[in-house]
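Engineer: Dropping in structure-v5.cif, with mmCIF, C-alpha atoms.
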```cif
data_target
#
loop_
_atom_site.label_atom_id
_atom_site.label_comp_id
_atom_site.auth_asym_id
_atom_site.auth_seq_id
_atom_site.Cartn_x
_atom_site.Cartn_y
_atom_site.Cartn_z
CA MET L 272 22.96 8.58 8.99
CA SER L 273 24.04 8.62 5.35
CA ALA L 274 21.63 9.77 2.68
CA PHE L 275 19.37 7.08 1.27
CA GLU L 276 18.33 6.74 -2.36
CA ILE L 277 14.87 5.81 -3.66
CA ARG L 278 15.06 3.80 -6.89
CA PRO L 279 13.14 1.14 -8.84
CA GLU L 280 13.52 -2.39 -7.54
CA LEU L 281 15.87 -4.57 -9.60
CA THR L 282 15.68 -8.35 -9.96
CA VAL L 283 18.82 -8.65 -7.80
CA ASP L 284 16.95 -6.87 -4.96
CA ARG L 285 14.28 -9.57 -4.52
CA ALA L 286 15.92 -11.38 -1.58
CA SER L 287 16.67 -8.06 0.15
CA VAL L 288 13.09 -6.87 -0.37
CA ARG L 289 11.77 -10.10 1.14
CA ARG L 290 14.07 -9.66 4.17
CA VAL L 291 12.90 -6.06 4.69
CA VAL L 292 9.21 -6.96 4.34
CA GLU L 293 9.53 -9.90 6.74
CA SER L 294 11.36 -7.81 9.34
CA ALA L 295 8.95 -4.86 9.06
CA PHE L 296 5.80 -6.97 9.48
CA LEU L 297 7.11 -9.22 12.29
CA ASP L 298 4.66 -12.11 12.86
CA LYS L 299 2.87 -11.43 9.54
CA GLY L 300 6.12 -10.89 7.64
CA THR L 301 6.19 -14.19 5.78
CA THR L 302 2.60 -13.77 4.59
CA VAL L 303 3.17 -10.18 3.46
CA ALA L 304 6.38 -11.19 1.66
CA ASP L 305 4.42 -14.01 -0.01
CA LEU L 306 1.87 -11.37 -1.08
CA VAL L 307 4.63 -9.37 -2.79
CA ASP L 308 5.72 -12.51 -4.66
CA ALA L 309 2.13 -13.41 -5.59
CA LEU L 310 1.37 -9.89 -6.88
CA ASN L 311 4.53 -9.99 -8.99
CA ALA L 312 3.72 -13.49 -10.32
CA ALA L 313 0.16 -12.39 -11.19
CA ARG L 314 1.56 -9.34 -13.01
CA ARG L 315 -0.50 -7.00 -10.83
CA THR L 316 2.50 -4.88 -9.79
CA GLU L 317 2.65 -1.44 -11.39
CA LEU L 318 5.75 -0.26 -9.55
CA SER L 319 8.12 -1.50 -6.89
CA LEU L 320 10.56 0.93 -5.29
CA VAL L 321 13.34 0.39 -2.80
CA ALA L 322 15.22 2.66 -0.44
CA GLU L 323 18.94 1.96 -0.50
CA LEU L 324 21.35 3.10 2.21
CA ASP L 325 25.07 2.43 2.03
CA GLY L 326 24.51 -0.24 -0.63
CA ALA L 327 21.80 -2.10 1.32
CA VAL L 328 18.04 -2.20 0.72
CA VAL L 329 16.38 -0.81 3.87
CA GLY L 330 12.89 0.02 2.57
CA HIS L 331 10.34 -1.05 -0.03
CA VAL L 332 6.97 0.10 -1.40
CA GLN L 333 4.78 -1.45 -4.06
CA LEU L 334 1.85 -0.20 -6.16
CA ASN L 335 -0.54 -2.86 -7.41
CA HIS L 336 -3.44 -2.80 -9.87
CA SER L 337 -7.00 -3.18 -8.60
CA TRP L 338 -10.34 -1.57 -9.51
CA ILE L 339 -13.15 0.68 -8.39
CA ASP L 340 -16.55 -0.80 -9.21
CA ALA L 341 -18.10 2.49 -10.37
CA ARG L 342 -21.64 2.72 -11.77
CA GLU L 343 -20.36 3.62 -15.24
CA ARG L 344 -17.60 0.98 -15.48
CA LEU L 345 -14.65 -0.58 -13.69
CA VAL L 346 -11.89 1.94 -13.07
CA ASP L 347 -8.25 0.87 -12.83
CA VAL L 348 -6.69 2.18 -9.62
CA LEU L 349 -3.58 1.41 -7.60
CA VAL L 350 -3.18 -0.04 -4.13
CA LEU L 351 -0.12 0.89 -2.10
CA SER L 352 0.81 -2.36 -0.40
CA PRO L 353 3.05 -3.10 1.28
CA LEU L 354 5.16 -0.27 2.66
CA SER L 355 8.10 -1.71 4.59
CA VAL L 356 11.08 -0.15 6.34
CA ASP L 357 13.68 -2.25 8.13
CA PRO L 358 13.05 -1.66 11.87
CA PRO L 359 16.49 -0.13 12.65
CA HIS L 360 15.79 2.51 9.97
CA GLN L 361 12.19 3.36 10.87
CA ARG L 362 11.35 6.94 11.88
CA SER L 363 14.14 8.32 9.71
CA GLY L 364 12.06 9.62 6.79
CA ILE L 365 12.48 6.55 4.57
CA GLY L 366 8.80 5.54 4.73
CA THR L 367 7.66 9.08 3.94
CA ALA L 368 10.07 9.28 0.99
CA LEU L 369 8.80 5.95 -0.35
CA VAL L 370 5.14 7.02 -0.06
CA THR L 371 5.90 10.35 -1.77
CA ALA L 372 7.76 8.62 -4.61
CA ALA L 373 4.92 6.09 -5.03
CA LEU L 374 2.28 8.85 -5.20
CA ASP L 375 4.39 10.81 -7.70
CA ALA L 376 4.74 7.68 -9.85
CA ALA L 377 0.99 6.99 -9.64
CA GLU L 378 0.27 10.56 -10.72
CA THR L 379 2.68 10.25 -13.65
CA ALA L 380 1.10 6.92 -14.65
CA GLY L 381 -2.33 8.61 -14.77
CA SER L 382 -3.94 6.64 -11.97
CA PRO L 383 -7.05 8.39 -10.61
CA ALA L 384 -6.48 7.16 -7.05
CA VAL L 385 -4.20 5.20 -4.73
CA PHE L 386 -5.75 3.16 -1.90
CA LEU L 387 -4.31 1.47 1.17
CA GLU L 388 -5.18 0.00 4.54
CA GLY L 389 -3.30 1.82 7.28
CA SER L 390 -3.08 4.28 10.11
CA PRO L 391 -4.98 7.49 9.41
CA ASP L 392 -2.49 9.32 11.62
CA TYR L 393 0.51 8.19 9.57
CA TYR L 394 -0.98 8.26 6.08
CA GLY L 395 -3.17 11.33 6.69
CA ALA L 396 -0.01 13.39 7.03
CA ARG L 397 1.21 11.95 3.70
CA GLY L 398 -1.68 12.83 1.38
CA PHE L 399 -4.31 10.21 2.22
CA SER L 400 -7.81 10.63 3.65
CA ARG L 401 -10.67 8.36 4.70
CA GLY L 402 -12.04 6.61 1.60
CA SER L 403 -15.65 6.65 2.78
CA GLU L 404 -15.56 10.44 2.99
CA ARG L 405 -14.70 10.52 -0.73
CA GLY L 406 -17.51 8.16 -1.80
CA PHE L 407 -15.50 4.94 -1.83
CA VAL L 408 -16.57 1.66 -0.24
CA ARG L 409 -14.06 -0.58 1.52
CA PRO L 410 -13.68 -4.03 -0.01
CA SER L 411 -14.18 -5.84 3.31
CA VAL L 412 -15.94 -5.22 6.61
CA ARG L 413 -12.68 -6.38 8.21
CA ILE L 414 -11.08 -3.06 7.26
CA PRO L 415 -11.91 -0.41 9.88
CA ASP L 416 -13.48 2.58 8.12
CA ALA L 417 -10.79 4.93 9.46
CA ALA L 418 -8.04 2.67 8.07
CA PHE L 419 -9.52 2.60 4.55
CA GLN L 420 -7.42 5.39 3.04
CA VAL L 421 -7.24 6.99 -0.42
CA ALA L 422 -5.17 9.63 -2.19
CA VAL L 423 -7.26 11.08 -5.03
CA LEU L 424 -5.06 12.16 -7.94
CA SER L 425 -5.57 14.61 -10.81
CA ALA L 426 -6.95 11.96 -13.24
CA HIS L 427 -9.88 11.31 -10.87
CA GLU L 428 -13.34 12.30 -12.10
CA SER L 429 -16.40 12.76 -9.90
CA TRP L 430 -18.17 9.63 -11.24
CA MET L 431 -15.22 7.42 -10.21
CA THR L 432 -16.63 6.25 -6.87
CA GLY L 433 -17.79 2.88 -5.61
CA ALA L 434 -16.33 -0.20 -4.01
CA LEU L 435 -12.63 -0.97 -4.15
CA VAL L 436 -12.09 -4.44 -5.64
CA TYR L 437 -8.74 -5.95 -4.73
CA CYS L 438 -6.99 -8.19 -7.23
CA ASP L 439 -6.92 -11.92 -6.46
CA PRO L 440 -3.58 -12.28 -4.59
CA PHE L 441 -4.89 -10.14 -1.70
CA TRP L 442 -7.80 -12.56 -1.22
CA ALA L 443 -5.88 -15.78 -1.93
CA LEU L 444 -3.43 -15.00 0.89
CA ASP L 445 -6.09 -13.52 3.22
CA CYS L 446 -4.29 -10.17 3.27
CA VAL L 447 -7.43 -8.04 3.37
CA GLY L 448 -8.28 -6.33 6.63
CA LEU L 449 -7.76 -7.83 10.06
CA ARG L 450 -9.14 -10.76 11.99
CA ASP L 451 -10.47 -10.69 15.56
CA PRO L 452 -9.39 -10.05 18.25
CA ARG L 453 -7.05 -7.47 16.66
CA LEU L 454 -9.84 -6.08 14.48
CA ALA L 455 -12.12 -5.45 17.47
CA GLU L 456 -9.32 -3.78 19.43
CA LEU L 457 -8.44 -1.49 16.51
CA GLU L 458 -12.08 -0.55 15.84
CA VAL L 459 -12.45 0.59 19.45
CA ARG L 460 -9.22 2.63 19.26
CA LEU L 461 -9.94 4.26 15.88
CA GLY L 462 -13.61 4.87 16.63
#
```
Represent the supplied structure as structure tokens.
Structural biologist:
Amino acid sequence: MSAFEIRPELTVDRASVRRVVESAFLDKGTTVADLVDALNAARRTELSLVAELDGAVVGHVQLNHSWIDARERLVDVLVLSPLSVDPPHQRSGIGTALVTAALDAAETAGSPAVFLEGSPDYYGARGFSRGSERGFVRPSVRIPDAAFQVAVLSAHESWMTGALVYCDPFWALDCVGLRDPRLAELEVRLG
């Protein structure tokens, strides 16, 4: 395989990003692609990166603004969502490179933390840990505790704990957590 490049998304990449997101999320692809559009339209996107291989977009990651409802005040944080790699290019290091670039960008931007919903096995190896173990509260009971992940960055201070509050597009498109029966199955598996 040729070397891929991670770079900021350009306006001309929008259709390619939508294709990658739809293919990566299969039956939920249209909804997740609509979430990307809604986050962009609501101006909640901090950063959108693509992975390009041989002139084609094969991966995408986005960082979006949300908040921690801390006792002292609301704290601006970032949510990594979605992370998408075109299925023929999965398991080739593209997803890891996109997560690393997103965390580096969040650190540079001065964000105290980056949150996501995802596999603790995958994201745990990439700098994330269980949010509840760091004093954070998941924004919905439909997110299994083990899947509520955070990467705490250098701007984080000890008082910056509390509930994660997603920005409106996540709720408007019902892109928070899972619904049964999938939720129940995952809770049993993750314990």
Engineer: Using the chain letters and numbers from this file, what does the PyMOL selection byres ((chain L and resi 398-406) around 12) select? Give the answer as a PyMOL selection string.
Structural biologist: chain L and resi 339-341+351+367+370-375+384-397+407-410+414-424+427-435+461
Engineer: Have a look at L:Pro353, L:Pro359, L:Gly381, L:Gly326 and name the one nearest to Phe441 in chain L; count all atoms listed in the file.
Structural biologist: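 Looking only at the distances to Phe441 in chain L, the closest residue turns out to be L:Pro353.
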Engineer: Could you name the residues that touch Val307 in chain L at 9 Å or less, counting only C-alpha atoms, but leaving out those on the same chain fewer than 5 positions away, as an MDAnalysis selection string?
Structural biologist: chainID L and resid 289 292 302 312 316 333 352:353 440
Engineer: I'd like the residues picked by the PyMOL selection byres ((chain L and resi 349) around 8) written out as a list in words, using the chain letters and numbers from the file.
Structural biologist: Glu317, Leu334, Asn335, His336, Ser337, Trp338, Asp347, Val348, Val350, Leu351, Ala377, Ser382, Ala384, Val385 and Phe386 of chain L
Engineer: Can you work out which one of L:Asp357, L:Asp284, L:Asp451, L:Glu323 has the shortest atom-to-atom distance to Val412 in chain L, counting only C-alpha atoms?
Structural biologist: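 For Val412 in chain L, the nearest of the given residues is L:Asp451.
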Engineer: Could you work out how far CA of Ser273 in chain L lies from CA of Gly300 in chain L, giving the answer in Å with one decimal?
Structural biologist: 26.6 Å
Engineer: Measure the distance from CA of Glu456 in chain L to CA of Ser355 in chain L in Å and round it to one decimal.
Structural biologist: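 These atoms are spaced 23.0 Å apart.
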Engineer: Report, in Å with one decimal, the straight-line distance from CA of Val356 in chain L to CA of Gly330 in chain L.
Structural biologist: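 A separation of 4.2 Å between them.
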Engineer: For the provided coordinates, the residues matched by the PyMOL selection byres ((chain L and resi 287) around 10) should be stated as a PyMOL selection string.
Structural biologist: chain L and resi 283-286+288-293+321+327-331
Engineer: I'd like to know which of L:Arg413, L:Leu345, L:Ala274, L:Gly366 is closest to Asp325 in chain L, using all atoms listed in the file.
Structural biologist: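 With all atoms listed in the file as the atom set, the closest residue is L:Ala274.
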Engineer: Restricting the calculation to all atoms listed in the file: of L:Pro383, L:Val303, L:Asn311, L:Gly448, which residue gets closest to Ala426 in chain L?
Structural biologist: L:Pro383
Engineer: For range 371-390 of chain L, I'd like the enclosing box, axis-aligned and padded by 4 Å on every side, reported as lines of an AutoDock Vina configuration file with centre and edge lengths in Å to one decimal.
Structural biologist:
```
center_x = 0.4
center_y = 5.4
center_z = -2.3
size_x = 22.8
size_y = 18.8
size_z = 32.9
```
Engineer: Taking only C-alpha atoms into account, name the residue in L:Leu444, L:Ala368, L:Leu324, L:Glu458 that is nearest to Asp308 in chain L.
Structural biologist: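 Of L:Leu444, L:Ala368, L:Leu324, L:Glu458, the one nearest Asp308 in chain L, counting only C-alpha atoms, is L:Leu444.
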Engineer: Counting all atoms listed in the file, which residue out of L:Val332, L:Ala313, L:Val346, L:Ala322 sits closest to Val436 in chain L?
Structural biologist: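 Of L:Val332, L:Ala313, L:Val346, L:Ala322, the one nearest Val436 in chain L is L:Val346, counting all atoms listed in the file.
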